[in-house]
Amino acid sequence: MVIAFLHAGTKLDSFIGRSELSHGWMDGIHVSEGDPALTDDLVRVLGYIRKNGISLQLDTDGRNAHVLDRLLAEKLGDRW
């Protein structure tokens, strides 16, 4: 949440919430909740987190499928 806020203020709040996981994993990434127009910002934030060794668990209910497709194409999801 902190990295997302530093990058985009509160714009990504719908996409990224508090993570309940530890030991190298992050959850709280709600692909279906955010504004699809902010996909580039989301990709930058998750890319930074992923490059720093954190595995990402994505949450989706099927909405914003093209956002999920982009995250998976960029290898930004380890579990969903």
# chains A, B, ... in the order shown; residues from 1 in each chain; ligands from 1
$ select_by_dssp --residues "chain A" --states "strand (DSSP E)" --output "number ranges by chain"
A: 25-30, 55-59
$ residues_around --residues "range 2-9 of chain A" --least-positions-apart "5" --cutoff "8 Å" --atoms "only C-alpha atoms" --output "list of chain:residue names"
A:Ile16, A:Asp41, A:Leu42, A:Val45
$ residues_around --residues "Thr39 in chain A" --least-positions-apart "3" --cutoff "10 Å" --atoms "only C-alpha atoms" --output "NGL selection string"
:A and (12 or 15 or 31 or 34-36 or 42-45 or 64 or 66-68 or 70-71)
$ residues_around --residues "Asp27 in chain A" --least-positions-apart "4" --cutoff "7 Å" --atoms "only C-alpha atoms" --output "ChimeraX atom specification"
/A:19-21,56-58
$ write_last_selection --atoms "C-alpha atoms" --output "PDB file, in the first residue's frame"
ATOM      1  CA  SER A  19      -1.689  -7.626   2.639  1.00  0.00           C
ATOM      2  CA  GLU A  20      -2.328 -10.396   5.145  1.00  0.00           C
ATOM      3  CA  LEU A  21       0.490 -12.648   3.879  1.00  0.00           C
ATOM      4  CA  LEU A  56       2.109 -11.660  -5.777  1.00  0.00           C
ATOM      5  CA  GLN A  57      -1.287 -13.232  -5.155  1.00  0.00           C
ATOM      6  CA  LEU A  58      -3.990 -11.652  -7.326  1.00  0.00           C
TER       7      LEU A  58
END
$ closest_residue --among "A:Ser55, A:Ile49, A:Glu33, A:Gly62" --to "Ser14 in chain A" --atoms "only C-alpha atoms"
A:Glu33
$ closest_residue --among "A:Arg79, A:Ile54, A:Ala73, A:Ala37" --to "His23 in chain A" --atoms "only C-alpha atoms"
A:Ile54
$ decode --residues "range 15-35 of chain A" --atoms "C-alpha atoms" --output "JSON list (two decimals), in the first residue's frame"
[["chain", "number", "residue", "atom", "x", "y", "z"],
["A", 15, "PHE", "CA", -6.63, -2.14, -6.66],
["A", 16, "ILE", "CA", -4.28, -2.53, -3.70],
["A", 17, "GLY", "CA", -5.30, -3.15, -0.12],
["A", 18, "ARG", "CA", -3.61, -4.38, 3.02],
["A", 19, "SER", "CA", -1.69, -7.63, 2.64],
["A", 20, "GLU", "CA", -2.33, -10.40, 5.15],
["A", 21, "LEU", "CA", 0.49, -12.65, 3.88],
["A", 22, "SER", "CA", 4.15, -12.71, 4.88],
["A", 23, "HIS", "CA", 7.33, -14.61, 4.11],
["A", 24, "GLY", "CA", 7.83, -13.14, 0.65],
["A", 25, "TRP", "CA", 4.19, -13.01, -0.44],
["A", 26, "MET", "CA", 1.77, -10.12, -0.95],
["A", 27, "ASP", "CA", -1.98, -10.38, -1.33],
["A", 28, "GLY", "CA", -4.62, -7.65, -1.23],
["A", 29, "ILE", "CA", -4.32, -7.04, -4.98],
["A", 30, "HIS", "CA", -7.93, -6.72, -6.19],
["A", 31, "VAL", "CA", -7.79, -6.78, -10.00],
["A", 32, "SER", "CA", -11.58, -6.52, -10.30],
["A", 33, "GLU", "CA", -11.99, -3.47, -8.07],
["A", 34, "GLY", "CA", -9.83, -0.78, -9.65],
["A", 35, "ASP", "CA", -10.20, 1.65, -12.52]]
